[in-house]
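To be precise, the following lines are input_30.txt, and they hold compact mmCIF, N, CA and C atoms.
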# COMPACT_ATOMS: atom_id res chain seq x y z
N MET W 160 -16.74 -69.73 -34.96
CA MET W 160 -17.51 -69.42 -33.79
C MET W 160 -18.99 -69.66 -34.04
N LYS W 161 -19.44 -69.27 -35.26
CA LYS W 161 -20.84 -69.45 -35.61
C LYS W 161 -21.18 -70.94 -35.64
N THR W 162 -20.27 -71.77 -36.14
CA THR W 162 -20.47 -73.22 -36.20
C THR W 162 -20.59 -73.79 -34.79
N LEU W 163 -19.77 -73.31 -33.88
CA LEU W 163 -19.81 -73.77 -32.50
C LEU W 163 -21.15 -73.42 -31.84
N SER W 164 -21.66 -72.24 -32.11
CA SER W 164 -22.96 -71.83 -31.57
C SER W 164 -24.08 -72.72 -32.10
N ILE W 165 -24.05 -73.01 -33.37
CA ILE W 165 -25.08 -73.86 -33.99
C ILE W 165 -25.01 -75.26 -33.41
N LEU W 166 -23.79 -75.80 -33.25
CA LEU W 166 -23.64 -77.13 -32.66
C LEU W 166 -24.13 -77.16 -31.22
N SER W 167 -23.85 -76.10 -30.46
CA SER W 167 -24.29 -76.02 -29.07
C SER W 167 -25.81 -75.99 -28.99
N LEU W 168 -26.44 -75.21 -29.85
CA LEU W 168 -27.91 -75.15 -29.88
C LEU W 168 -28.50 -76.50 -30.26
N ALA W 169 -27.91 -77.17 -31.21
CA ALA W 169 -28.40 -78.48 -31.64
C ALA W 169 -28.28 -79.49 -30.51
N LEU W 170 -27.18 -79.47 -29.78
CA LEU W 170 -26.97 -80.37 -28.66
C LEU W 170 -27.98 -80.09 -27.54
N LEU W 171 -28.18 -78.83 -27.21
CA LEU W 171 -29.15 -78.46 -26.19
C LEU W 171 -30.56 -78.89 -26.59
N SER W 172 -30.90 -78.74 -27.85
CA SER W 172 -32.21 -79.13 -28.34
C SER W 172 -32.42 -80.64 -28.20
N MET W 173 -31.40 -81.42 -28.53
CA MET W 173 -31.50 -82.88 -28.43
C MET W 173 -31.62 -83.30 -26.97
N LEU W 174 -30.83 -82.70 -26.09
CA LEU W 174 -30.87 -83.06 -24.67
C LEU W 174 -32.18 -82.69 -24.01
N SER W 175 -32.77 -81.58 -24.39
CA SER W 175 -34.03 -81.17 -23.78
C SER W 175 -35.19 -82.03 -24.26
N GLY W 176 -35.04 -82.68 -25.39
CA GLY W 176 -36.09 -83.54 -25.91
C GLY W 176 -36.08 -84.93 -25.32
N CYS W 177 -35.05 -85.27 -24.56
CA CYS W 177 -34.95 -86.60 -23.96
C CYS W 177 -35.78 -86.66 -22.69
N ASP W 178 -36.53 -87.73 -22.53
CA ASP W 178 -37.28 -87.96 -21.29
C ASP W 178 -36.37 -88.55 -20.25
N LYS W 179 -36.74 -88.31 -19.00
CA LYS W 179 -35.98 -88.89 -17.88
C LYS W 179 -36.15 -90.41 -17.93
N ASP W 180 -35.07 -91.13 -17.73
CA ASP W 180 -35.11 -92.59 -17.73
C ASP W 180 -35.67 -93.07 -16.41
N ASP W 181 -36.80 -93.78 -16.44
CA ASP W 181 -37.44 -94.28 -15.24
C ASP W 181 -36.98 -95.68 -14.87
N GLY W 182 -35.90 -96.14 -15.44
CA GLY W 182 -35.40 -97.48 -15.13
C GLY W 182 -35.97 -98.50 -16.08
N PRO W 183 -35.63 -99.75 -15.84
CA PRO W 183 -36.05 -100.80 -16.76
C PRO W 183 -37.55 -101.05 -16.70
N GLU W 184 -38.09 -101.52 -17.80
CA GLU W 184 -39.48 -101.93 -17.87
C GLU W 184 -39.53 -103.42 -17.56
N PHE W 185 -40.44 -103.82 -16.67
CA PHE W 185 -40.58 -105.22 -16.31
C PHE W 185 -41.90 -105.74 -16.86
N THR W 186 -41.90 -106.99 -17.30
CA THR W 186 -43.11 -107.59 -17.87
C THR W 186 -43.62 -108.78 -17.05
N SER W 187 -42.93 -109.07 -15.96
CA SER W 187 -43.35 -110.16 -15.07
C SER W 187 -42.66 -109.96 -13.72
N PRO W 188 -43.06 -110.72 -12.71
CA PRO W 188 -42.40 -110.58 -11.40
C PRO W 188 -41.04 -111.26 -11.33
N GLU W 189 -40.64 -111.96 -12.39
CA GLU W 189 -39.35 -112.65 -12.38
C GLU W 189 -38.23 -111.67 -12.08
N GLY W 190 -37.35 -112.06 -11.15
CA GLY W 190 -36.22 -111.22 -10.82
C GLY W 190 -35.97 -111.15 -9.33
N ASP W 191 -35.07 -110.26 -8.95
CA ASP W 191 -34.63 -110.14 -7.57
C ASP W 191 -35.43 -109.08 -6.82
N TRP W 192 -35.75 -109.39 -5.55
CA TRP W 192 -36.54 -108.53 -4.68
C TRP W 192 -35.84 -108.39 -3.34
N THR W 193 -36.10 -107.30 -2.63
CA THR W 193 -35.45 -107.07 -1.34
C THR W 193 -36.39 -106.37 -0.36
N TYR W 194 -36.18 -106.67 0.93
CA TYR W 194 -36.92 -106.01 2.00
C TYR W 194 -36.08 -105.98 3.26
N THR W 195 -36.12 -104.86 3.98
CA THR W 195 -35.46 -104.72 5.27
C THR W 195 -36.49 -104.17 6.25
N THR W 196 -36.55 -104.77 7.43
CA THR W 196 -37.48 -104.30 8.46
C THR W 196 -37.13 -102.87 8.85
N ALA W 197 -38.12 -102.14 9.35
CA ALA W 197 -37.93 -100.73 9.71
C ALA W 197 -36.81 -100.54 10.74
N ASP W 198 -36.64 -101.52 11.63
CA ASP W 198 -35.58 -101.41 12.64
C ASP W 198 -34.23 -101.89 12.13
N GLY W 199 -34.18 -102.39 10.89
CA GLY W 199 -32.94 -102.84 10.28
C GLY W 199 -32.41 -104.17 10.79
N LYS W 200 -33.16 -104.88 11.61
CA LYS W 200 -32.68 -106.13 12.22
C LYS W 200 -32.71 -107.32 11.26
N ILE W 201 -33.68 -107.35 10.36
CA ILE W 201 -33.81 -108.46 9.41
C ILE W 201 -33.88 -107.89 8.00
N SER W 202 -33.06 -108.44 7.12
CA SER W 202 -33.05 -108.06 5.72
C SER W 202 -33.06 -109.33 4.88
N VAL W 203 -33.90 -109.36 3.85
CA VAL W 203 -33.97 -110.54 2.99
C VAL W 203 -33.94 -110.13 1.52
N ASP W 204 -33.30 -110.97 0.73
CA ASP W 204 -33.31 -110.87 -0.72
C ASP W 204 -33.80 -112.20 -1.24
N PHE W 205 -34.71 -112.16 -2.22
CA PHE W 205 -35.19 -113.39 -2.82
C PHE W 205 -35.45 -113.16 -4.30
N THR W 206 -35.62 -114.25 -5.01
CA THR W 206 -35.82 -114.20 -6.45
C THR W 206 -37.12 -114.90 -6.81
N ILE W 207 -37.89 -114.28 -7.68
CA ILE W 207 -39.05 -114.94 -8.27
C ILE W 207 -38.58 -115.54 -9.59
N ILE W 208 -38.85 -116.83 -9.75
CA ILE W 208 -38.43 -117.54 -10.96
C ILE W 208 -39.66 -118.10 -11.67
N LYS W 209 -39.51 -118.39 -12.94
CA LYS W 209 -40.59 -118.98 -13.73
C LYS W 209 -40.07 -120.24 -14.39
N SER W 210 -40.83 -121.31 -14.25
CA SER W 210 -40.50 -122.57 -14.88
C SER W 210 -41.74 -123.00 -15.67
N GLY W 211 -41.66 -122.93 -16.96
CA GLY W 211 -42.84 -123.19 -17.78
C GLY W 211 -43.84 -122.08 -17.55
N SER W 212 -45.04 -122.45 -17.13
CA SER W 212 -46.06 -121.43 -16.84
C SER W 212 -46.21 -121.19 -15.33
N ASN W 213 -45.37 -121.83 -14.53
CA ASN W 213 -45.47 -121.71 -13.07
C ASN W 213 -44.41 -120.77 -12.51
N PHE W 214 -44.80 -120.03 -11.48
CA PHE W 214 -43.88 -119.15 -10.77
C PHE W 214 -43.53 -119.77 -9.43
N ASP W 215 -42.34 -119.45 -8.93
CA ASP W 215 -41.91 -119.89 -7.60
C ASP W 215 -40.94 -118.85 -7.07
N ALA W 216 -40.50 -119.04 -5.83
CA ALA W 216 -39.55 -118.11 -5.21
C ALA W 216 -38.41 -118.91 -4.60
N GLU W 217 -37.24 -118.30 -4.56
CA GLU W 217 -36.09 -118.94 -3.93
C GLU W 217 -35.29 -117.90 -3.16
N ALA W 218 -34.70 -118.35 -2.05
CA ALA W 218 -33.92 -117.47 -1.19
C ALA W 218 -32.62 -117.08 -1.87
N LYS W 219 -32.21 -115.85 -1.65
CA LYS W 219 -30.92 -115.37 -2.14
C LYS W 219 -30.00 -115.02 -0.98
N ALA W 220 -30.51 -114.21 -0.04
CA ALA W 220 -29.68 -113.78 1.08
C ALA W 220 -30.56 -113.36 2.25
N MET W 221 -30.00 -113.50 3.45
CA MET W 221 -30.67 -113.02 4.66
C MET W 221 -29.60 -112.45 5.57
N THR W 222 -29.94 -111.34 6.21
CA THR W 222 -29.06 -110.73 7.18
C THR W 222 -29.84 -110.57 8.47
N VAL W 223 -29.24 -111.01 9.57
CA VAL W 223 -29.86 -110.90 10.89
C VAL W 223 -28.94 -110.04 11.75
N ASP W 224 -29.41 -108.88 12.12
CA ASP W 224 -28.65 -107.94 12.95
C ASP W 224 -27.21 -107.77 12.46
N GLY W 225 -27.07 -107.58 11.14
CA GLY W 225 -25.77 -107.34 10.54
C GLY W 225 -24.97 -108.57 10.14
N THR W 226 -25.47 -109.77 10.47
CA THR W 226 -24.77 -111.01 10.13
C THR W 226 -25.43 -111.67 8.92
N SER W 227 -24.69 -111.81 7.82
CA SER W 227 -25.22 -112.51 6.65
C SER W 227 -25.27 -114.00 6.95
N CYS W 228 -26.36 -114.64 6.56
CA CYS W 228 -26.51 -116.05 6.85
C CYS W 228 -27.29 -116.76 5.75
N GLU W 229 -27.13 -118.07 5.71
CA GLU W 229 -27.91 -118.90 4.80
C GLU W 229 -29.36 -118.90 5.26
N SER W 230 -30.27 -119.09 4.31
CA SER W 230 -31.69 -119.11 4.66
C SER W 230 -32.44 -120.11 3.80
N VAL W 231 -33.65 -120.40 4.25
CA VAL W 231 -34.54 -121.30 3.53
C VAL W 231 -35.84 -120.53 3.27
N LEU W 232 -36.38 -120.67 2.08
CA LEU W 232 -37.60 -119.97 1.70
C LEU W 232 -38.69 -120.98 1.37
N GLN W 233 -39.88 -120.72 1.86
CA GLN W 233 -41.07 -121.49 1.50
C GLN W 233 -42.09 -120.50 0.96
N ALA W 234 -42.63 -120.78 -0.22
CA ALA W 234 -43.62 -119.90 -0.83
C ALA W 234 -44.86 -120.71 -1.18
N ALA W 235 -46.01 -120.04 -1.12
CA ALA W 235 -47.27 -120.69 -1.48
C ALA W 235 -48.07 -119.74 -2.36
N GLY W 236 -48.72 -120.29 -3.37
CA GLY W 236 -49.62 -119.51 -4.22
C GLY W 236 -48.94 -118.43 -5.02
N VAL W 237 -47.79 -118.73 -5.62
CA VAL W 237 -47.06 -117.73 -6.40
C VAL W 237 -47.62 -117.67 -7.82
N THR W 238 -48.13 -116.51 -8.21
CA THR W 238 -48.61 -116.28 -9.58
C THR W 238 -47.93 -115.02 -10.12
N ALA W 239 -48.32 -114.60 -11.31
CA ALA W 239 -47.74 -113.40 -11.91
C ALA W 239 -48.19 -112.12 -11.22
N THR W 240 -49.28 -112.18 -10.44
CA THR W 240 -49.82 -110.96 -9.82
C THR W 240 -49.98 -111.02 -8.31
N THR W 241 -49.96 -112.22 -7.73
CA THR W 241 -50.14 -112.36 -6.29
C THR W 241 -49.28 -113.50 -5.74
N ILE W 242 -49.04 -113.44 -4.44
CA ILE W 242 -48.35 -114.53 -3.74
C ILE W 242 -49.09 -114.72 -2.42
N GLY W 243 -49.49 -115.95 -2.15
CA GLY W 243 -50.21 -116.23 -0.90
C GLY W 243 -49.34 -115.96 0.31
N SER W 244 -48.12 -116.50 0.29
CA SER W 244 -47.21 -116.25 1.41
C SER W 244 -45.77 -116.58 1.02
N ILE W 245 -44.86 -115.90 1.69
CA ILE W 245 -43.44 -116.20 1.61
C ILE W 245 -42.93 -116.24 3.04
N ARG W 246 -42.28 -117.34 3.38
CA ARG W 246 -41.68 -117.50 4.71
C ARG W 246 -40.20 -117.77 4.51
N ILE W 247 -39.36 -116.94 5.11
CA ILE W 247 -37.91 -117.10 5.01
C ILE W 247 -37.36 -117.22 6.43
N ASN W 248 -36.57 -118.26 6.65
CA ASN W 248 -35.95 -118.39 7.97
C ASN W 248 -34.46 -118.65 7.85
N ALA W 249 -33.73 -118.15 8.86
CA ALA W 249 -32.29 -118.34 8.93
C ALA W 249 -32.01 -119.82 9.15
N ASN W 250 -31.02 -120.33 8.45
CA ASN W 250 -30.65 -121.74 8.55
C ASN W 250 -29.12 -121.82 8.51
N ASP W 251 -28.50 -121.27 9.57
CA ASP W 251 -27.06 -121.11 9.55
C ASP W 251 -26.52 -121.06 10.98
N ILE W 252 -25.39 -121.69 11.21
CA ILE W 252 -24.82 -121.69 12.56
C ILE W 252 -24.23 -120.33 12.94
N LYS W 253 -24.13 -119.41 11.97
CA LYS W 253 -23.64 -118.06 12.27
C LYS W 253 -24.61 -117.27 13.15
N VAL W 254 -25.87 -117.67 13.13
CA VAL W 254 -26.87 -117.02 13.99
C VAL W 254 -27.40 -118.07 14.97
N THR W 255 -27.82 -117.64 16.12
CA THR W 255 -28.13 -118.58 17.20
C THR W 255 -29.56 -119.07 17.21
N TYR W 256 -30.36 -118.66 16.24
CA TYR W 256 -31.78 -118.98 16.26
C TYR W 256 -32.30 -118.98 14.83
N GLY W 257 -33.37 -119.69 14.57
CA GLY W 257 -33.95 -119.74 13.23
C GLY W 257 -34.87 -118.56 12.97
N TYR W 258 -34.32 -117.35 12.96
CA TYR W 258 -35.11 -116.13 12.75
C TYR W 258 -35.98 -116.27 11.51
N VAL W 259 -37.24 -115.82 11.63
CA VAL W 259 -38.23 -116.00 10.57
C VAL W 259 -38.82 -114.65 10.17
N ILE W 260 -39.03 -114.47 8.87
CA ILE W 260 -39.84 -113.36 8.38
C ILE W 260 -40.92 -113.95 7.50
N LEU W 261 -42.15 -113.48 7.66
CA LEU W 261 -43.31 -114.02 6.95
C LEU W 261 -44.07 -112.87 6.31
N PHE W 262 -44.34 -113.01 5.02
CA PHE W 262 -45.17 -112.07 4.27
C PHE W 262 -46.42 -112.81 3.83
N THR W 263 -47.60 -112.19 3.97
CA THR W 263 -48.84 -112.85 3.55
C THR W 263 -49.68 -111.94 2.67
N ASP W 264 -50.46 -112.56 1.80
CA ASP W 264 -51.40 -111.85 0.91
C ASP W 264 -50.72 -110.77 0.08
N ILE W 265 -49.68 -111.16 -0.62
CA ILE W 265 -48.84 -110.22 -1.37
C ILE W 265 -49.48 -109.91 -2.74
N THR W 266 -49.51 -108.63 -3.08
CA THR W 266 -49.98 -108.19 -4.38
C THR W 266 -48.82 -107.56 -5.13
N ILE W 267 -48.60 -108.01 -6.35
CA ILE W 267 -47.51 -107.48 -7.18
C ILE W 267 -48.06 -106.37 -8.06
N SER W 268 -47.38 -105.22 -8.08
CA SER W 268 -47.86 -104.07 -8.85
C SER W 268 -47.89 -104.38 -10.35
N SER W 269 -48.74 -103.66 -11.07
CA SER W 269 -48.91 -103.91 -12.50
C SER W 269 -47.65 -103.60 -13.30
N ASP W 270 -46.77 -102.73 -12.78
CA ASP W 270 -45.51 -102.45 -13.46
C ASP W 270 -44.39 -103.38 -12.98
N PHE W 271 -44.72 -104.30 -12.07
CA PHE W 271 -43.79 -105.32 -11.55
C PHE W 271 -42.56 -104.71 -10.87
N LYS W 272 -42.74 -103.53 -10.25
CA LYS W 272 -41.62 -102.87 -9.57
C LYS W 272 -41.69 -102.99 -8.06
N GLU W 273 -42.86 -103.35 -7.52
CA GLU W 273 -42.98 -103.50 -6.07
C GLU W 273 -44.07 -104.49 -5.71
N MET W 274 -43.97 -104.99 -4.50
CA MET W 274 -44.97 -105.88 -3.94
C MET W 274 -45.55 -105.18 -2.71
N LYS W 275 -46.86 -105.17 -2.60
CA LYS W 275 -47.53 -104.60 -1.44
C LYS W 275 -47.95 -105.75 -0.54
N VAL W 276 -47.66 -105.60 0.75
CA VAL W 276 -47.95 -106.65 1.73
C VAL W 276 -48.74 -106.03 2.87
N PRO W 277 -50.00 -106.43 3.04
CA PRO W 277 -50.80 -105.85 4.12
C PRO W 277 -50.39 -106.35 5.51
N GLY W 278 -49.80 -107.54 5.57
CA GLY W 278 -49.44 -108.06 6.88
C GLY W 278 -48.35 -109.10 6.83
N GLY W 279 -47.75 -109.31 7.97
CA GLY W 279 -46.69 -110.29 8.10
C GLY W 279 -46.07 -110.17 9.49
N SER W 280 -44.94 -110.83 9.66
CA SER W 280 -44.27 -110.78 10.96
C SER W 280 -42.80 -111.17 10.79
N TYR W 281 -42.02 -110.86 11.82
CA TYR W 281 -40.63 -111.31 11.85
C TYR W 281 -40.20 -111.53 13.30
N THR W 282 -39.21 -112.38 13.46
CA THR W 282 -38.69 -112.70 14.78
C THR W 282 -37.46 -111.84 15.07
N TRP W 283 -37.52 -111.07 16.14
CA TRP W 283 -36.36 -110.33 16.66
C TRP W 283 -36.70 -109.78 18.03
N PRO W 284 -35.91 -109.90 19.03
CA PRO W 284 -34.83 -110.88 19.16
C PRO W 284 -35.41 -112.29 19.28
N ILE W 285 -34.62 -113.21 19.78
CA ILE W 285 -35.05 -114.61 19.89
C ILE W 285 -36.41 -114.68 20.59
N ASP W 286 -37.31 -115.44 19.98
CA ASP W 286 -38.65 -115.71 20.54
C ASP W 286 -39.58 -114.50 20.63
N LYS W 287 -39.26 -113.36 20.02
CA LYS W 287 -40.18 -112.22 20.02
C LYS W 287 -40.68 -112.00 18.60
N THR W 288 -42.00 -112.09 18.42
CA THR W 288 -42.61 -111.89 17.12
C THR W 288 -43.08 -110.45 16.99
N ASN W 289 -42.64 -109.79 15.94
CA ASN W 289 -43.01 -108.40 15.65
C ASN W 289 -43.94 -108.41 14.43
N GLN W 290 -45.02 -107.68 14.50
CA GLN W 290 -45.98 -107.62 13.40
C GLN W 290 -45.55 -106.59 12.35
N LEU W 291 -45.83 -106.91 11.10
CA LEU W 291 -45.59 -106.02 9.98
C LEU W 291 -46.93 -105.63 9.38
N THR W 292 -47.10 -104.37 9.01
CA THR W 292 -48.31 -103.93 8.32
C THR W 292 -47.93 -102.95 7.22
N ASP W 293 -48.69 -103.03 6.13
CA ASP W 293 -48.54 -102.09 5.02
C ASP W 293 -47.10 -101.87 4.59
N ILE W 294 -46.43 -102.95 4.22
CA ILE W 294 -45.04 -102.83 3.79
C ILE W 294 -44.91 -102.96 2.28
N THR W 295 -43.77 -102.55 1.77
CA THR W 295 -43.48 -102.65 0.35
C THR W 295 -42.17 -103.41 0.16
N ILE W 296 -42.21 -104.43 -0.67
CA ILE W 296 -41.02 -105.15 -1.07
C ILE W 296 -40.63 -104.59 -2.44
N SER W 297 -39.35 -104.28 -2.61
CA SER W 297 -38.90 -103.57 -3.82
C SER W 297 -38.04 -104.46 -4.72
N ARG W 298 -38.01 -104.09 -6.00
CA ARG W 298 -37.07 -104.71 -6.93
C ARG W 298 -35.66 -104.38 -6.49
N LYS W 299 -34.79 -105.31 -6.70
CA LYS W 299 -33.40 -105.08 -6.34
C LYS W 299 -32.64 -104.65 -7.57
What would you get if you wrote out this structure as structure tokens?
Amino acid sequence: MKTLSILSLALLSMLSGCDKDDGPEFTSPEGDWTYTTADGKISVDFTIIKSGSNFDAEAKAMTVDGTSCESVLQAAGVTATTIGSIRINANDIKVTYGYVILFTDITISSDFKEMKVPGGSYTWPIDKTNQLTDITISRK
């Protein structure tokens, strides 16, 4: 019984000394990112990639009003800390229009866990442009 008490105390001591795991540590923006509009109508996933010393972005997935569809991504000014713009549009016969989401003047956080976007826009429904302000794009 005494041995069991000592082992229990040792286990409790070890567990209390452990810090909470805050998730993985990132050293660059490379990886998967996701954003969904507040109304849930447009959702996009994209990846930041690095080739040599250059960064770029590529489309992974887009959902328009619950329908997953193929998409095309255009990015400008992609660096390790900022992105000039990312434009993603639906390019699929499953949706009836080339819905677009645009992010501009993107700043990547120093811990590479989120992107802050002061402005942008998205199309929903057809031919209606909705403005985005102060949004956060998150790691996936």
Report task. Extract, using all atoms listed in the file, all DNA, RNA and protein residues at most 8 Å from Thr241 in chain W, discarding same-chain residues fewer than 2 positions from it, and format them as a list in words. Result ->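 What passes the distance filter is Ala235, Gly236, Val237, Thr238, Ala239, Gly243, Ser244, Asp264, Ile265, Thr266, Ile267 and Ser268 of chain W.
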Here atom C of Pro188 in chain W and CA of Thr282 in chain W stand apart by 26.3 Å
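Taking only C-alpha atoms into account, Ser297 in chain W lies nearest to W:Trp192 out of the set W:Trp192, W:Tyr258, W:Phe185, W:Tyr281.
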What separation in Å, quoted to one decimal, exists between CA of Asp191 in chain W and atom N of Lys287 in chain W?
->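 Separating CA of Asp191 in chain W from atom N of Lys287 in chain W is a distance of 28.2 Å.
Minimum atom-to-atom distances from W:Val276, W:Val254, W:Glu229, W:Gly190 to Ile208 in chain W were compared using all atoms listed in the file, and the lowest value belongs to W:Gly190.
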Please identify which residues in chain W DSSP calls helix (DSSP H, G or I) from the backbone, and express them as a list in words. Lys161, Thr162, Leu163, Ser164, Ile165, Leu166, Ser167, Leu168, Ala169, Leu170, Leu171, Ser172, Met173, Leu174 and Ser175 of chain W
Save the residues we just selected, N, CA and C atoms, as a CSV table (one decimal), in the coordinates of the input?
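That gives us out-v8.csv:
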chain,number,residue,atom,x,y,z
W,161,LYS,N,-19.4,-69.3,-35.3
W,161,LYS,CA,-20.8,-69.4,-35.6
W,161,LYS,C,-21.2,-70.9,-35.6
W,162,THR,N,-20.3,-71.8,-36.1
W,162,THR,CA,-20.5,-73.2,-36.2
W,162,THR,C,-20.6,-73.8,-34.8
W,163,LEU,N,-19.8,-73.3,-33.9
W,163,LEU,CA,-19.8,-73.8,-32.5
W,163,LEU,C,-21.2,-73.4,-31.8
W,164,SER,N,-21.7,-72.2,-32.1
W,164,SER,CA,-23.0,-71.8,-31.6
W,164,SER,C,-24.1,-72.7,-32.1
W,165,ILE,N,-24.0,-73.0,-33.4
W,165,ILE,CA,-25.1,-73.9,-34.0
W,165,ILE,C,-25.0,-75.3,-33.4
W,166,LEU,N,-23.8,-75.8,-33.2
W,166,LEU,CA,-23.6,-77.1,-32.7
W,166,LEU,C,-24.1,-77.2,-31.2
W,167,SER,N,-23.8,-76.1,-30.5
W,167,SER,CA,-24.3,-76.0,-29.1
W,167,SER,C,-25.8,-76.0,-29.0
W,168,LEU,N,-26.4,-75.2,-29.8
W,168,LEU,CA,-27.9,-75.2,-29.9
W,168,LEU,C,-28.5,-76.5,-30.3
W,169,ALA,N,-27.9,-77.2,-31.2
W,169,ALA,CA,-28.4,-78.5,-31.6
W,169,ALA,C,-28.3,-79.5,-30.5
W,170,LEU,N,-27.2,-79.5,-29.8
W,170,LEU,CA,-27.0,-80.4,-28.7
W,170,LEU,C,-28.0,-80.1,-27.5
W,171,LEU,N,-28.2,-78.8,-27.2
W,171,LEU,CA,-29.2,-78.5,-26.2
W,171,LEU,C,-30.6,-78.9,-26.6
W,172,SER,N,-30.9,-78.7,-27.8
W,172,SER,CA,-32.2,-79.1,-28.3
W,172,SER,C,-32.4,-80.6,-28.2
W,173,MET,N,-31.4,-81.4,-28.5
W,173,MET,CA,-31.5,-82.9,-28.4
W,173,MET,C,-31.6,-83.3,-27.0
W,174,LEU,N,-30.8,-82.7,-26.1
W,174,LEU,CA,-30.9,-83.1,-24.7
W,174,LEU,C,-32.2,-82.7,-24.0
W,175,SER,N,-32.8,-81.6,-24.4
W,175,SER,CA,-34.0,-81.2,-23.8
W,175,SER,C,-35.2,-82.0,-24.3
Write out as a list in words which residues come within 6.5 Å of Arg246 in chain W when counting all atoms listed in the file, dropping same-chain ones fewer than 3 positions away. Val231, Leu232, Gln233, Ala234, Ala235, Ile260, Leu261 and Phe262 of chain W
